[in-house]
Amino acid sequence: MLFKSSRLISSSAKSRATQAFFTTATNQPNVVIVDGVRLPFAMTSTIYQDEMAVDLQRLAFKGLVDKTALDRKEIDYVISGTVIQEVRTSNIAREAAINAGLPNHIGGHTVSMACISSNAAICAAADKIKTGHASVVLAGGCETFSDVPIRLTRPMRQKLITLPKAMKKGGALGAVKHMLGLKMKDALALETPAIANYSTGEVMGVSSDRLSAKFGVGRDDQDEYTVRSHNLAAQAHENGFYKGEVISYKGSTEENGIKGGSTKESVGKLKPAFIKPHGTHTAANSSFLTDGASASLIMSEEKALELGFKPLAYLRDYSFKSCDPFEELLLGPTYCSQEVLKRNNLDLESDIGVFEIHEAFAGQILSNLTAMDSQKFADEHFDGKRVGKVDMDKMNTKGGSLALGHPFGATGSRLVTTAARRLQMEQERFALIAACADGGTGHACILERYDN
């Protein structure tokens, strides 16, 4: 999906030239973001406590189809991202599509890539379109922490799996003897999903706290950034920016994690949550457990125009890279941004007019911004070429994950929709989207405003 130009500027003439080069150079269709929606993101165990993740994705898919008045028969494929999976709906994309009333012949699959799962879904949709295997794809993601799979311990599971065999041999007495060998702690304990990396065993908040210390990001900066996120999100809702992007659930579009009017003083009262007593990460400057779902309508440019749609943006290129999970678990956005910008000969400071970067923790995003602008980091990793300094007046101006919330599988689609809409409203040419994820993975992609 390479997209090159000598120096791209915000003019429709230049845009038409680069579009022509892009199409001719690859002989592949242009991929466009037509529209996107999300259910209101909500703190876990509040408004969605009676919904399964598949229900949330169903509502997002249906909401997007209804909003765009898309003929369901035009949809070629469905892709959904999710992280904490319910066994009964392992292919949640397919189950959500069926229950959203989409035709049964539409194929679908589910992807899981931690916090960038719906980014992976959108890029997989783009690949399908690029290779001619689809023209219209619904891509999104969902997550619920209100109904997570809680398991018995491994020893208990093993005993229960082999129990029928013991009963067959010895009847009820054989079953009792079989279970008696189980330790009390294994019989009574439960295993809940952990927000920790499997390979390192470290909770992500601890990793981010250490990363912040490495890059010199202090508590005051993190709290100040957190207040910014909440107040910008509240302002965006009050000003009506999210009207149409956030679809109603039971008549409401409220996102109940946003704390408008937050101050550094109020946020500063909280104690460290991960590294105690001297860590810098608190419950306030960390994203909260969130339920929600999102969906994006991805098409080939030709199909979108044929159906009468006005696309929001082109999806020009993307990057998925990984880094050291032990020391740089959440630094993926820096590596991916560097790769996608370099590959397309774009300059972060002069070409990018819109930034939407995932806020897992205030410390994490500020560490990435520091790394991007660090000459020392560039000398060590990028042959001396800095990624660049992000203009804060262009980044996450409608709030971010710290305030809006972070349903793991759904955030990526939110970032894409918001960035594409901002490009249109602010009349900027290019947007950079970036996000970190568990395992030391990361994502970045380039959107270009569609002139319509």
# chains A, B, ... in the order shown; residues from 1 in each chain; ligands from 1
>>> residues_around(residues="range 187-194 of chain A", least_positions_apart="3", cutoff="10 Å", atoms="only C-alpha atoms", output="mmCIF file with C-alpha atoms, in the first residue's frame")
data_model
loop_
_atom_site.group_PDB
_atom_site.id
_atom_site.type_symbol
_atom_site.label_atom_id
_atom_site.label_comp_id
_atom_site.auth_asym_id
_atom_site.auth_seq_id
_atom_site.Cartn_x
_atom_site.Cartn_y
_atom_site.Cartn_z
ATOM 1 C CA ILE A 84 -11.411 -11.153 25.837
ATOM 2 C CA PHE A 145 -15.587 -6.232 30.952
ATOM 3 C CA VAL A 148 -15.735 -11.685 31.260
ATOM 4 C CA PRO A 149 -15.043 -15.434 31.199
ATOM 5 C CA ILE A 150 -14.018 -16.424 34.745
ATOM 6 C CA ARG A 151 -12.475 -19.881 34.857
ATOM 7 C CA LEU A 152 -11.859 -22.559 37.431
ATOM 8 C CA THR A 153 -8.220 -23.351 38.211
ATOM 9 C CA ARG A 154 -6.317 -25.689 35.896
ATOM 10 C CA PRO A 155 -6.208 -28.556 38.462
ATOM 11 C CA MET A 156 -9.973 -28.220 38.943
ATOM 12 C CA ARG A 157 -10.581 -28.155 35.180
ATOM 13 C CA LYS A 159 -10.352 -33.096 37.413
ATOM 14 C CA MET A 179 -12.147 -35.322 43.347
ATOM 15 C CA LEU A 180 -10.682 -35.885 46.825
ATOM 16 C CA LEU A 182 -7.798 -31.864 44.757
ATOM 17 C CA LYS A 183 -6.222 -29.252 47.019
ATOM 18 C CA MET A 184 -8.647 -26.874 48.718
ATOM 19 C CA ASN A 197 1.556 -9.492 29.530
ATOM 20 C CA TYR A 198 1.851 -13.273 29.253
ATOM 21 C CA GLY A 201 4.132 -11.429 33.628
ATOM 22 C CA GLU A 202 4.052 -7.666 34.150
ATOM 23 C CA VAL A 203 0.884 -5.622 34.481
ATOM 24 C CA MET A 204 0.696 -2.991 31.722
#
>>> residues_around(residues="range 373-386 of chain A", least_positions_apart="5", cutoff="10 Å", atoms="only C-alpha atoms", output="list in words")
Phe215, Thr334, Tyr335, Gln338, Glu339, Lys342, Leu348 and Asn368 of chain A
>>> write_last_selection(atoms="N, CA, C and O atoms", output="tab-separated table (two decimals), in the first residue's frame")
chain	number	residue	atom	x	y	z
A	215	PHE	N	11.77	7.86	30.22
A	215	PHE	CA	11.74	9.04	29.36
A	215	PHE	C	11.53	10.35	30.13
A	215	PHE	O	11.32	11.40	29.54
A	334	THR	N	5.66	4.80	18.31
A	334	THR	CA	6.84	5.51	17.81
A	334	THR	C	7.47	4.77	16.64
A	334	THR	O	7.78	5.36	15.60
A	335	TYR	N	7.64	3.47	16.80
A	335	TYR	CA	8.25	2.66	15.73
A	335	TYR	C	7.36	2.62	14.48
A	335	TYR	O	7.85	2.73	13.35
A	338	GLN	N	7.22	6.05	12.65
A	338	GLN	CA	8.45	6.26	11.89
A	338	GLN	C	8.43	5.49	10.58
A	338	GLN	O	8.77	6.03	9.52
A	339	GLU	N	7.98	4.25	10.63
A	339	GLU	CA	7.99	3.41	9.43
A	339	GLU	C	7.03	3.93	8.37
A	339	GLU	O	7.39	4.06	7.19
A	342	LYS	N	8.16	7.42	6.93
A	342	LYS	CA	9.35	7.29	6.07
A	342	LYS	C	9.00	6.63	4.75
A	342	LYS	O	9.46	7.06	3.68
A	348	LEU	N	6.37	14.48	9.67
A	348	LEU	CA	5.38	14.56	10.74
A	348	LEU	C	5.02	16.00	11.07
A	348	LEU	O	3.85	16.33	11.31
A	368	ASN	N	5.79	8.24	24.36
A	368	ASN	CA	5.91	8.10	22.92
A	368	ASN	C	6.20	9.44	22.25
A	368	ASN	O	7.03	9.53	21.34
>>> closest_residue(among="A:Asn30, A:Thr290, A:Gln427, A:Asn285", to="Thr226 in chain A", atoms="only C-alpha atoms")
A:Asn285
>>> select_by_dssp(residues="range 52-204 of chain A", states="alpha helix (DSSP H)", output="PyMOL selection string")
chain A and resi 53-68+92-99+117-130+154-180+184-188+204
>>> residues_around(residues="range 232-237 of chain A", least_positions_apart="5", cutoff="12 Å", atoms="only C-alpha atoms", output="PyMOL selection string")
chain A and resi 40+225-227+242-246+253-262+393+395-405+418+422
>>> write_last_selection(atoms="N, CA, C and O atoms", output="CSV table (one decimal), in the first residue's frame")
chain,number,residue,atom,x,y,z
A,40,PRO,N,-22.0,4.4,22.7
A,40,PRO,CA,-21.4,5.2,23.8
A,40,PRO,C,-20.5,4.3,24.6
A,40,PRO,O,-20.9,3.2,25.0
A,225,TYR,N,-2.0,16.2,31.4
A,225,TYR,CA,-2.5,15.7,30.2
A,225,TYR,C,-3.8,15.0,30.4
A,225,TYR,O,-4.7,15.1,29.5
A,226,THR,N,-4.0,14.3,31.5
A,226,THR,CA,-5.3,13.7,31.8
A,226,THR,C,-6.4,14.7,31.9
A,226,THR,O,-7.5,14.5,31.3
A,227,VAL,N,-6.2,15.8,32.5
A,227,VAL,CA,-7.2,16.8,32.6
A,227,VAL,C,-7.6,17.4,31.2
A,227,VAL,O,-8.7,17.6,30.9
A,242,TYR,N,-19.6,14.9,18.3
A,242,TYR,CA,-19.8,13.4,18.3
A,242,TYR,C,-21.3,13.1,17.9
A,242,TYR,O,-21.6,11.9,17.8
A,243,LYS,N,-22.1,14.1,17.5
A,243,LYS,CA,-23.4,13.8,17.0
A,243,LYS,C,-23.3,13.0,15.7
A,243,LYS,O,-22.7,13.4,14.8
A,244,GLY,N,-23.9,11.8,15.7
A,244,GLY,CA,-23.9,11.0,14.5
A,244,GLY,C,-22.7,10.0,14.6
A,244,GLY,O,-22.9,8.8,14.1
A,245,GLU,N,-21.6,10.3,15.2
A,245,GLU,CA,-20.6,9.3,15.4
A,245,GLU,C,-20.9,8.4,16.5
A,245,GLU,O,-20.6,7.2,16.5
A,246,VAL,N,-21.4,8.9,17.6
A,246,VAL,CA,-21.9,8.1,18.7
A,246,VAL,C,-23.4,7.9,18.6
A,246,VAL,O,-24.1,8.9,18.6
A,253,THR,N,-26.7,9.0,24.3
A,253,THR,CA,-25.4,9.0,23.7
A,253,THR,C,-24.3,9.4,24.8
A,253,THR,O,-23.2,9.7,24.4
A,254,GLU,N,-24.7,9.4,26.0
A,254,GLU,CA,-23.8,9.8,27.1
A,254,GLU,C,-22.6,8.8,27.2
A,254,GLU,O,-22.9,7.6,27.2
A,255,GLU,N,-21.4,9.3,27.3
A,255,GLU,CA,-20.3,8.5,27.6
A,255,GLU,C,-19.8,8.8,29.0
A,255,GLU,O,-19.3,9.8,29.3
A,256,ASN,N,-20.1,7.8,29.9
A,256,ASN,CA,-20.1,8.1,31.3
A,256,ASN,C,-18.8,8.1,32.0
A,256,ASN,O,-18.7,8.3,33.3
A,257,GLY,N,-17.7,8.0,31.3
A,257,GLY,CA,-16.4,8.0,31.9
A,257,GLY,C,-15.8,9.4,31.8
A,257,GLY,O,-14.8,9.7,32.5
A,258,ILE,N,-16.4,10.3,31.1
A,258,ILE,CA,-15.9,11.7,30.9
A,258,ILE,C,-16.2,12.5,32.1
A,258,ILE,O,-17.3,12.6,32.6
A,259,LYS,N,-15.1,13.1,32.6
A,259,LYS,CA,-15.3,14.0,33.8
A,259,LYS,C,-14.9,15.4,33.4
A,259,LYS,O,-13.8,15.9,33.6
A,260,GLY,N,-15.9,16.1,32.8
A,260,GLY,CA,-15.7,17.5,32.4
A,260,GLY,C,-15.5,18.3,33.7
A,260,GLY,O,-16.0,18.1,34.8
A,261,GLY,N,-14.6,19.4,33.6
A,261,GLY,CA,-14.3,20.2,34.7
A,261,GLY,C,-13.3,19.6,35.6
A,261,GLY,O,-13.1,20.1,36.7
A,262,SER,N,-12.6,18.6,35.2
A,262,SER,CA,-11.5,18.0,35.9
A,262,SER,C,-10.4,19.1,36.1
A,262,SER,O,-10.2,19.9,35.3
A,393,ASP,N,-1.7,21.0,19.5
A,393,ASP,CA,-3.0,21.7,19.1
A,393,ASP,C,-3.7,20.9,18.0
A,393,ASP,O,-4.8,21.2,17.6
A,395,MET,N,-3.5,17.3,18.1
A,395,MET,CA,-3.6,15.9,18.6
A,395,MET,C,-4.7,15.7,19.6
A,395,MET,O,-4.8,16.4,20.6
A,396,ASN,N,-5.5,14.7,19.3
A,396,ASN,CA,-6.6,14.3,20.2
A,396,ASN,C,-7.4,15.5,20.7
A,396,ASN,O,-7.7,15.6,21.9
A,397,THR,N,-7.8,16.3,19.8
A,397,THR,CA,-8.5,17.6,20.2
A,397,THR,C,-9.9,17.4,20.6
A,397,THR,O,-10.5,18.3,21.1
A,398,LYS,N,-10.4,16.2,20.4
A,398,LYS,CA,-11.8,15.8,20.8
A,398,LYS,C,-11.8,14.9,22.0
A,398,LYS,O,-12.8,14.2,22.3
A,399,GLY,N,-10.7,14.9,22.8
A,399,GLY,CA,-10.5,13.9,23.9
A,399,GLY,C,-9.9,12.6,23.4
A,399,GLY,O,-9.8,12.4,22.2
A,400,GLY,N,-9.5,11.8,24.3
A,400,GLY,CA,-8.9,10.5,24.0
A,400,GLY,C,-9.4,9.4,24.9
A,400,GLY,O,-10.3,9.6,25.7
A,401,SER,N,-8.7,8.3,24.8
A,401,SER,CA,-9.1,7.1,25.6
A,401,SER,C,-9.1,7.3,27.1
A,401,SER,O,-9.9,6.6,27.8
A,402,LEU,N,-8.3,8.2,27.6
A,402,LEU,CA,-8.3,8.5,29.1
A,402,LEU,C,-9.7,9.0,29.5
A,402,LEU,O,-10.1,8.7,30.6
A,403,ALA,N,-10.4,9.7,28.7
A,403,ALA,CA,-11.7,10.3,29.0
A,403,ALA,C,-12.8,9.5,28.4
A,403,ALA,O,-13.8,9.2,29.1
A,404,LEU,N,-12.7,9.2,27.1
A,404,LEU,CA,-13.8,8.5,26.4
A,404,LEU,C,-13.9,7.0,26.8
A,404,LEU,O,-15.0,6.4,26.8
A,405,GLY,N,-12.8,6.4,27.2
A,405,GLY,CA,-12.7,5.0,27.6
A,405,GLY,C,-12.0,4.2,26.5
A,405,GLY,O,-11.7,4.7,25.4
A,418,THR,N,-12.9,9.2,14.0
A,418,THR,CA,-12.7,10.6,14.5
A,418,THR,C,-11.7,11.3,13.6
A,418,THR,O,-11.9,12.5,13.3
A,422,ARG,N,-12.4,14.6,11.4
A,422,ARG,CA,-11.6,15.8,11.7
A,422,ARG,C,-11.0,16.3,10.4
A,422,ARG,O,-10.9,17.5,10.2
>>> closest_residue(among="A:Lys389, A:His230, A:Arg316, A:Lys269", to="Glu359 in chain A", atoms="only C-alpha atoms")
A:His230
>>> closest_residue(among="A:Ala293, A:Val78, A:Ile92, A:Leu415", to="Val54 in chain A", atoms="only C-alpha atoms")
A:Ile92
>>> select_by_dssp(residues="range 254-355 of chain A", states="strand (DSSP E)", output="VMD selection string")
chain A and resid 290 to 300 313 to 322 352 to 355
>>> write_last_selection(atoms="N, CA and C atoms", output="tab-separated table (two decimals), in the first residue's frame")
chain	number	residue	atom	x	y	z
A	290	THR	N	-13.58	-0.47	30.16
A	290	THR	CA	-14.67	0.11	29.38
A	290	THR	C	-15.40	-0.94	28.56
A	291	ASP	N	-16.71	-0.80	28.45
A	291	ASP	CA	-17.52	-1.61	27.53
A	291	ASP	C	-17.88	-0.75	26.33
A	292	GLY	N	-17.92	-1.38	25.15
A	292	GLY	CA	-18.32	-0.61	23.97
A	292	GLY	C	-18.06	-1.36	22.69
A	293	ALA	N	-18.49	-0.77	21.59
A	293	ALA	CA	-18.29	-1.36	20.26
A	293	ALA	C	-18.26	-0.24	19.23
A	294	SER	N	-17.61	-0.53	18.12
A	294	SER	CA	-17.49	0.45	17.04
A	294	SER	C	-17.56	-0.26	15.70
A	295	ALA	N	-17.77	0.51	14.64
A	295	ALA	CA	-17.83	-0.07	13.30
A	295	ALA	C	-17.44	0.98	12.28
A	296	SER	N	-16.72	0.54	11.25
A	296	SER	CA	-16.29	1.42	10.16
A	296	SER	C	-16.74	0.82	8.83
A	297	LEU	N	-17.17	1.68	7.93
A	297	LEU	CA	-17.58	1.25	6.59
A	297	LEU	C	-16.42	1.53	5.63
A	298	ILE	N	-15.83	0.45	5.13
A	298	ILE	CA	-14.65	0.53	4.27
A	298	ILE	C	-15.05	0.07	2.87
A	299	MET	N	-14.69	0.85	1.86
A	299	MET	CA	-15.04	0.52	0.48
A	299	MET	C	-13.89	0.83	-0.47
A	300	SER	N	-13.99	0.27	-1.67
A	300	SER	CA	-13.16	0.78	-2.75
A	300	SER	C	-13.74	2.13	-3.17
A	313	ALA	N	-12.26	9.81	3.81
A	313	ALA	CA	-10.80	9.80	3.67
A	313	ALA	C	-10.35	8.55	2.94
A	314	TYR	N	-9.15	8.66	2.37
A	314	TYR	CA	-8.45	7.49	1.84
A	314	TYR	C	-7.64	6.85	2.97
A	315	LEU	N	-7.59	5.54	3.00
A	315	LEU	CA	-6.63	4.83	3.85
A	315	LEU	C	-5.42	4.57	2.98
A	316	ARG	N	-4.34	5.31	3.22
A	316	ARG	CA	-3.21	5.28	2.30
A	316	ARG	C	-2.17	4.21	2.61
A	317	ASP	N	-1.84	4.03	3.86
A	317	ASP	CA	-0.82	3.05	4.21
A	317	ASP	C	-0.91	2.77	5.70
A	318	TYR	N	-0.32	1.66	6.13
A	318	TYR	CA	-0.34	1.33	7.55
A	318	TYR	C	0.90	0.53	7.92
A	319	SER	N	1.13	0.46	9.23
A	319	SER	CA	2.27	-0.28	9.77
A	319	SER	C	1.85	-1.02	11.02
A	320	PHE	N	2.29	-2.24	11.15
A	320	PHE	CA	2.20	-3.00	12.39
A	320	PHE	C	3.61	-3.49	12.71
A	321	LYS	N	4.14	-3.08	13.84
A	321	LYS	CA	5.48	-3.49	14.24
A	321	LYS	C	5.47	-3.87	15.72
A	322	SER	N	6.53	-4.56	16.13
A	322	SER	CA	6.65	-4.94	17.53
A	322	SER	C	8.01	-4.50	18.06
A	352	ILE	N	1.48	16.41	8.51
A	352	ILE	CA	0.37	15.82	9.27
A	352	ILE	C	-0.41	16.93	9.97
A	353	GLY	N	-1.69	17.02	9.64
A	353	GLY	CA	-2.54	18.07	10.21
A	353	GLY	C	-3.47	17.57	11.30
A	354	VAL	N	-3.65	16.23	11.39
A	354	VAL	CA	-4.53	15.63	12.39
A	354	VAL	C	-3.81	14.43	13.00
A	355	PHE	N	-3.79	14.39	14.32
A	355	PHE	CA	-3.23	13.24	15.05
A	355	PHE	C	-4.31	12.65	15.94
>>> residues_around(residues="range 93-102 of chain A", least_positions_apart="5", cutoff="8 Å", atoms="only C-alpha atoms", output="short mmCIF file (atom, residue, chain, number, x, y, z; two decimals) with C-alpha atoms, in the first residue's frame")
data_model
loop_
_atom_site.label_atom_id
_atom_site.label_comp_id
_atom_site.auth_asym_id
_atom_site.auth_seq_id
_atom_site.Cartn_x
_atom_site.Cartn_y
_atom_site.Cartn_z
CA VAL A 54 -21.65 -9.91 20.50
CA ASP A 55 -24.71 -7.77 21.28
CA GLN A 57 -21.00 -5.44 18.02
CA ARG A 58 -24.41 -6.27 16.56
CA LEU A 59 -25.75 -2.88 17.61
CA PHE A 61 -23.00 -2.90 12.81
CA LYS A 62 -26.73 -2.28 12.64
CA ARG A 72 -27.23 -4.92 3.13
CA LYS A 73 -26.87 -6.89 -0.10
CA VAL A 78 -17.45 -8.45 7.89
CA ILE A 79 -14.41 -8.33 10.21
CA SER A 80 -14.44 -7.69 13.94
CA GLY A 81 -11.70 -7.29 16.52
CA GLY A 107 -18.60 -14.12 5.20
CA GLY A 108 -16.82 -12.83 8.26
CA HIS A 109 -13.94 -13.48 10.59
CA THR A 110 -12.64 -12.22 13.91
#
>>> atom_distance(atom1="CA of Thr68 in chain A", atom2="CA of Met113 in chain A")
28.0 Å
>>> atom_distance(atom1="CA of Gly140 in chain A", atom2="CA of Thr82 in chain A")
9.0 Å
>>> residues_around(residues="Val83 in chain A", least_positions_apart="4", cutoff="10 Å", atoms="only C-alpha atoms", output="list in words")
Thr110, Val111, Ser112, Met113, Ala114, Cys115, Ile116, Ser117, Ser118, Gly141, Cys142, Glu143, Thr144, Pro407, Phe408, Gly409 and Ala410 of chain A
>>> closest_residue(among="A:Arg429, A:His178, A:His358, A:Arg88", to="Val416 in chain A", atoms="only C-alpha atoms")
A:His358
>>> atom_distance(atom1="CA of Asn104 in chain A", atom2="CA of Val137 in chain A")
14.8 Å
>>> residues_around(residues="range 209-212 of chain A", least_positions_apart="4", cutoff="10 Å", atoms="only C-alpha atoms", output="list in words")
Met204, Gly205, Gly216, Val217, Gly218, Arg219, Gln222, Pro272, Ala273, Phe274, Ile275, Gly279, Thr280, His281, Thr282, Glu327, Glu328, Leu329, Leu330, Leu331, Phe361, Ala362, Gly363, Gln364, Ile365, Leu366, Ser367, Asn368 and Thr370 of chain A
>>> closest_residue(among="A:Phe326, A:Thr417, A:Pro277, A:Ile446", to="Asn344 in chain A", atoms="only C-alpha atoms")
A:Ile446
>>> closest_residue(among="A:Val32, A:Ala434, A:Leu346, A:Leu39", to="Ala126 in chain A", atoms="only C-alpha atoms")
A:Val32
